[in-house]
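Each remark here refers to the structure printed beneath this line.
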Amino acid sequence: MAVKKKTVTAIKDARATADDKPGITLRLPIELREEITEASRVKGDLARIVLFALSQVDREAAKIQQTRKAGLELSNPQLLHVGAAARNALKEWAEAEGVSINAIVVSVLEELFERLKKSKALREELTLELRARRSFTPQ
């Protein structure tokens, strides 16, 4: 009995503090993951691309599609540190739409990459954003 009570208490504590955590776990479609890999160069760029996409794509413009039930081939789960504020905004948006956070992020990223194919200025803006956020540590 004592072990079960500890587990239940630990789960409740984890849920209570989940809003303060900066990370989200994503499973992206394989094609989208490959496009993002081409755009990103160093560790942390994926999170920056997600934040850039959220700033560029309007909620009304994104066509939300289910990822789990659509039969898409998804990549392995990835942990992204986007910040607690962005995570909470995504969570609220997902609850309002009645879909998962993963579906929201996939839809926003797909919309961004469609725009990137059409706009050279947007591609340059993304490149500058990624370069500006990188640290200058020797590798």
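Scheme for the structure tokens: letters A, B, ... for chains in order shown; per-chain residue numbers from 1; ligand numbers from 1 in order shown.
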
Per-residue nearest contacts stretch 71-113 of chain A to stretch 48-57 of chain A, cut-off 9 Å, using only C-alpha atoms, as CSV:
residue,atom,partner,partner_atom,distance
A:Val82,CA,A:Leu51,CA,7.0
A:Ala86,CA,A:Leu51,CA,7.7
A:Val105,CA,A:Val50,CA,7.3
A:Val108,CA,A:Ala53,CA,6.3
A:Leu109,CA,A:Ala53,CA,6.0
A:Glu111,CA,A:Val57,CA,7.2
A:Leu112,CA,A:Ala53,CA,5.8
A:Phe113,CA,A:Ala53,CA,8.8

Margin query: What's the separation between atom CA of A:Glu92 and atom CA of A:Arg123, in Å to one decimal place?
Written below: 28.5 Å

Note to self: Give me, as a VMD selection string, all polymer residues having an atom no more than 8 Å from A:Pro29, counting only C-alpha atoms and skipping those fewer than 2 positions away in the same chain.
What the structure shows: chain A and resid 27 31 to 33 67 72 to 75 106

Notebook entry, point to check: A:Asn102: which residues within 9 Å, counting only C-alpha atoms, same-chain residues fewer than 4 positions away excluded, as a PyMOL selection string?
Noted result: chain A and resi 24-28+66-67+94+106-107

Item checked: Backbone-only DSSP, strand (DSSP E) members of stretch 31-88 of chain A, as a PyMOL selection string -> chain A and resi 78-81

Note to self: When DSSP is applied to the backbone of this structure, which of stretch 17-88 of chain A are assigned alpha helix (DSSP H)? Write them out as a PyMOL selection string.
What the structure shows: chain A and resi 17+30-39+45-56+84-88

Checklist line | Residue nearest A:Glu110 - candidates A:Lys63, A:Asp45, A:Pro77, A:Thr7, atoms counted: only C-alpha atoms | finding: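 Smallest separation from A:Glu110 among the options: A:Lys63.
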
Margin query: Report as a PyMOL selection string all protein, DNA and RNA residues lying within 8 Å of A:Ile104, evaluated on only C-alpha atoms, omitting residues in the same chain fewer than 4 positions from it.
Written below: chain A and resi 64-65+90+93-94+99-100+108

Could you take the residues named above and write them with N, CA, C and O atoms, as a PDB file, in the first residue's frame?
ATOM      1  N   ILE A  64      -4.661  22.459 -39.042  1.00  0.00           N
ATOM      2  CA  ILE A  64      -4.289  21.432 -38.078  1.00  0.00           C
ATOM      3  C   ILE A  64      -4.680  20.064 -38.622  1.00  0.00           C
ATOM      4  O   ILE A  64      -5.811  19.840 -39.034  1.00  0.00           O
ATOM      5  N   GLN A  65      -3.721  19.150 -38.609  1.00  0.00           N
ATOM      6  CA  GLN A  65      -4.002  17.774 -39.019  1.00  0.00           C
ATOM      7  C   GLN A  65      -3.541  16.828 -37.922  1.00  0.00           C
ATOM      8  O   GLN A  65      -2.553  17.083 -37.245  1.00  0.00           O
ATOM      9  N   LEU A  90       1.327  26.638 -26.470  1.00  0.00           N
ATOM     10  CA  LEU A  90       1.003  25.485 -27.323  1.00  0.00           C
ATOM     11  C   LEU A  90      -0.056  24.605 -26.680  1.00  0.00           C
ATOM     12  O   LEU A  90      -0.966  24.108 -27.356  1.00  0.00           O
ATOM     13  N   TRP A  93      -3.452  26.288 -27.020  1.00  0.00           N
ATOM     14  CA  TRP A  93      -3.905  26.198 -28.400  1.00  0.00           C
ATOM     15  C   TRP A  93      -4.399  24.786 -28.701  1.00  0.00           C
ATOM     16  O   TRP A  93      -5.442  24.598 -29.316  1.00  0.00           O
ATOM     17  N   ALA A  94      -3.654  23.792 -28.252  1.00  0.00           N
ATOM     18  CA  ALA A  94      -4.035  22.396 -28.493  1.00  0.00           C
ATOM     19  C   ALA A  94      -5.349  22.061 -27.802  1.00  0.00           C
ATOM     20  O   ALA A  94      -6.206  21.374 -28.374  1.00  0.00           O
ATOM     21  N   VAL A  99      -6.781  18.961 -30.127  1.00  0.00           N
ATOM     22  CA  VAL A  99      -5.765  18.083 -30.712  1.00  0.00           C
ATOM     23  C   VAL A  99      -4.552  18.065 -29.794  1.00  0.00           C
ATOM     24  O   VAL A  99      -4.512  18.765 -28.785  1.00  0.00           O
ATOM     25  N   SER A 100      -3.532  17.308 -30.169  1.00  0.00           N
ATOM     26  CA  SER A 100      -2.320  17.226 -29.353  1.00  0.00           C
ATOM     27  C   SER A 100      -1.370  18.379 -29.679  1.00  0.00           C
ATOM     28  O   SER A 100      -1.478  19.011 -30.737  1.00  0.00           O
ATOM     29  N   VAL A 108       2.179  23.712 -37.836  1.00  0.00           N
ATOM     30  CA  VAL A 108       2.856  25.009 -37.926  1.00  0.00           C
ATOM     31  C   VAL A 108       4.163  24.868 -38.706  1.00  0.00           C
ATOM     32  O   VAL A 108       4.484  25.715 -39.556  1.00  0.00           O
TER      33      VAL A 108
END

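Remark: for A:Asn88, the closest of the candidate residues A:Pro22, A:Ala62, A:Arg131, A:Lys120 is A:Pro22 (distances computed over only C-alpha atoms).
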